[in-house]
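Encoded as structure tokens, the structure appears first; notes follow it.
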Amino acid sequence: QVQVVESGGGLVQPGGSLRLSCAASGSIFSIHFMGWYRQAPGKQRELVAAITSGGSTNYADSVKGRFTISRDIAKNTVYLQMNSLKPEDTAVYYCNVRTIVVGSWGQGTQVTVSS
């Protein structure tokens, strides 16, 4: 089983920045995918950014040029640097980690962009 813990959410003004962290532990051999999703009230969960074991990245069109996903392989941690935040970025952000055996979700961290 894989445990996933997110951190780094909070309240920020429009135009501000936040950095989210996601640490995976447990049966974490052969992680091949780590991604950030978000879910705003009344909306479906959507992929924000992802990174594969080979280092390939993928971003939602709405965050391209503003968000950057990165990873620390030694720490089994993935980060999401969010710049130029907008009110529409307000959501609960979830980390998803996939191994060859199982996929696991974290509990989520709230990001609120408001003046």
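Going by the structure tokens order, chains are called A, B, ..., each with residues numbered from 1, while ligands are numbered from 1 in the order shown.
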Tell me which protein, DNA and RNA residues are within 8 Å of Ile69 (chain A), counting only C-alpha atoms, leaving out same-chain ones fewer than 4 positions away, and put them as an NGL selection string. :A and (49-51 or 57 or 78-81)
Using only C-alpha atoms, which residues sit within 6 Å of Trp36 (chain A) once same-chain residues fewer than 2 positions away are excluded, as a PDB file with C-alpha atoms, in the first residue's frame?
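Output saved as selection-v5.pdb:
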ATOM      1  CA  VAL A  48      -3.603  19.912 -13.191  1.00  0.00           C
ATOM      2  CA  ALA A  49      -0.100  18.552 -13.814  1.00  0.00           C
ATOM      3  CA  TYR A  94      -5.091  16.167  -4.528  1.00  0.00           C
ATOM      4  CA  CYS A  95      -1.952  14.184  -5.208  1.00  0.00           C
TER       5      CYS A  95
END
Shell around Arg66 (chain A) at 7 Å using only C-alpha atoms, local window under 4 positions removed, as a PyMOL selection string: chain A and resi 82-84
For those residues, write all heavy atoms to a file as a JSON list (two decimals), in the first residue's frame.
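See part16.json below for the written result:
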[["chain", "number", "residue", "atom", "x", "y", "z"],
["A", 82, "MET", "N", 3.13, 26.99, -7.91],
["A", 82, "MET", "CA", 2.01, 27.70, -8.53],
["A", 82, "MET", "C", 2.27, 29.20, -8.43],
["A", 82, "MET", "O", 2.35, 29.74, -7.33],
["A", 82, "MET", "CB", 0.70, 27.34, -7.81],
["A", 82, "MET", "CG", 0.44, 25.84, -7.77],
["A", 82, "MET", "SD", -1.18, 25.43, -7.08],
["A", 82, "MET", "CE", -0.97, 25.98, -5.39],
["A", 83, "ASN", "N", 2.42, 29.83, -9.58],
["A", 83, "ASN", "CA", 2.65, 31.27, -9.65],
["A", 83, "ASN", "C", 1.48, 31.96, -10.34],
["A", 83, "ASN", "O", 0.68, 31.31, -11.00],
["A", 83, "ASN", "CB", 3.95, 31.56, -10.40],
["A", 83, "ASN", "CG", 5.17, 30.96, -9.75],
["A", 83, "ASN", "OD1", 5.25, 30.85, -8.51],
["A", 83, "ASN", "ND2", 6.15, 30.56, -10.54],
["A", 84, "SER", "N", 1.42, 33.27, -10.18],
["A", 84, "SER", "CA", 0.36, 34.06, -10.83],
["A", 84, "SER", "C", -1.01, 33.46, -10.59],
["A", 84, "SER", "O", -1.81, 33.29, -11.51],
["A", 84, "SER", "CB", 0.64, 34.18, -12.34],
["A", 84, "SER", "OG", 1.90, 34.74, -12.58]]
Give me, as a VMD selection string, the residues of chain A that a backbone DSSP run labels helix (DSSP H, G or I). chain A and resid 61 to 63 73 to 75 87 to 89
Prev. selection, all heavy atoms, output as an mmCIF file, in the first residue's frame:
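Output file out-v3.cif follows:
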data_model
loop_
_atom_site.group_PDB
_atom_site.id
_atom_site.type_symbol
_atom_site.label_atom_id
_atom_site.label_comp_id
_atom_site.auth_asym_id
_atom_site.auth_seq_id
_atom_site.Cartn_x
_atom_site.Cartn_y
_atom_site.Cartn_z
ATOM 1 N N ASP A 61 -4.266 23.045 -19.807
ATOM 2 C CA ASP A 61 -4.080 24.294 -20.558
ATOM 3 C C ASP A 61 -4.226 25.517 -19.653
ATOM 4 O O ASP A 61 -3.537 26.525 -19.845
ATOM 5 C CB ASP A 61 -5.089 24.374 -21.705
ATOM 6 C CG ASP A 61 -4.764 23.412 -22.832
ATOM 7 O OD1 ASP A 61 -3.610 22.935 -22.902
ATOM 8 O OD2 ASP A 61 -5.666 23.137 -23.647
ATOM 9 N N SER A 62 -5.106 25.421 -18.680
ATOM 10 C CA SER A 62 -5.408 26.569 -17.825
ATOM 11 C C SER A 62 -4.244 26.961 -16.911
ATOM 12 O O SER A 62 -4.253 28.061 -16.353
ATOM 13 C CB SER A 62 -6.646 26.282 -16.980
ATOM 14 O OG SER A 62 -6.435 25.137 -16.167
ATOM 15 N N VAL A 63 -3.265 26.080 -16.742
ATOM 16 C CA VAL A 63 -2.156 26.385 -15.826
ATOM 17 C C VAL A 63 -0.806 26.463 -16.533
ATOM 18 O O VAL A 63 0.200 26.785 -15.901
ATOM 19 C CB VAL A 63 -2.073 25.359 -14.676
ATOM 20 C CG1 VAL A 63 -3.416 25.236 -13.968
ATOM 21 C CG2 VAL A 63 -1.588 24.000 -15.169
ATOM 22 N N ILE A 73 13.311 12.398 -6.603
ATOM 23 C CA ILE A 73 13.190 10.941 -6.638
ATOM 24 C C ILE A 73 13.657 10.311 -5.330
ATOM 25 O O ILE A 73 13.029 9.388 -4.811
ATOM 26 C CB ILE A 73 13.991 10.378 -7.829
ATOM 27 C CG1 ILE A 73 13.380 10.860 -9.152
ATOM 28 C CG2 ILE A 73 14.019 8.856 -7.784
ATOM 29 C CD1 ILE A 73 14.178 10.467 -10.365
ATOM 30 N N ALA A 74 14.734 10.828 -4.768
ATOM 31 C CA ALA A 74 15.293 10.261 -3.546
ATOM 32 C C ALA A 74 14.316 10.368 -2.380
ATOM 33 O O ALA A 74 14.300 9.516 -1.480
ATOM 34 C CB ALA A 74 16.599 10.949 -3.190
ATOM 35 N N LYS A 75 13.485 11.416 -2.395
ATOM 36 C CA LYS A 75 12.526 11.633 -1.311
ATOM 37 C C LYS A 75 11.125 11.152 -1.663
ATOM 38 O O LYS A 75 10.207 11.308 -0.854
ATOM 39 C CB LYS A 75 12.479 13.116 -0.955
ATOM 40 C CG LYS A 75 13.773 13.672 -0.372
ATOM 41 C CD LYS A 75 13.628 15.138 -0.019
ATOM 42 C CE LYS A 75 14.910 15.697 0.580
ATOM 43 N NZ LYS A 75 14.776 17.143 0.935
ATOM 44 N N PRO A 87 -8.223 33.600 -8.920
ATOM 45 C CA PRO A 87 -9.344 33.090 -8.102
ATOM 46 C C PRO A 87 -9.886 31.760 -8.618
ATOM 47 O O PRO A 87 -10.301 30.916 -7.810
ATOM 48 C CB PRO A 87 -10.381 34.212 -8.233
ATOM 49 C CG PRO A 87 -9.563 35.453 -8.430
ATOM 50 C CD PRO A 87 -8.405 35.009 -9.279
ATOM 51 N N GLU A 88 -9.849 31.558 -9.923
ATOM 52 C CA GLU A 88 -10.349 30.293 -10.477
ATOM 53 C C GLU A 88 -9.445 29.104 -10.180
ATOM 54 O O GLU A 88 -9.800 27.964 -10.482
ATOM 55 C CB GLU A 88 -10.577 30.416 -11.990
ATOM 56 C CG GLU A 88 -9.408 30.973 -12.766
ATOM 57 C CD GLU A 88 -9.539 32.465 -13.022
ATOM 58 O OE1 GLU A 88 -9.926 33.201 -12.086
ATOM 59 O OE2 GLU A 88 -9.242 32.895 -14.152
ATOM 60 N N ASP A 89 -8.299 29.333 -9.591
ATOM 61 C CA ASP A 89 -7.436 28.232 -9.149
ATOM 62 C C ASP A 89 -7.866 27.698 -7.779
ATOM 63 O O ASP A 89 -7.329 26.688 -7.308
ATOM 64 C CB ASP A 89 -5.979 28.684 -9.057
ATOM 65 C CG ASP A 89 -5.383 29.035 -10.413
ATOM 66 O OD1 ASP A 89 -5.646 28.290 -11.376
ATOM 67 O OD2 ASP A 89 -4.671 30.049 -10.500
#
Tell me which protein, DNA and RNA residues are within 10 Å of region 3-16 of chain A, counting only C-alpha atoms, leaving out same-chain ones fewer than 6 positions away, and put them as a VMD selection string. chain A and resid 22 to 28 36 76 to 80 82 to 97 103 to 115
Within region 4-102 of chain A, find each residue whose DSSP state, derived from the backbone, is strand (DSSP E), and express the selection as number ranges by chain. A: 4-7, 10-12, 18-26, 31-39, 46-52, 57-59, 67-72, 77-82, 91-99
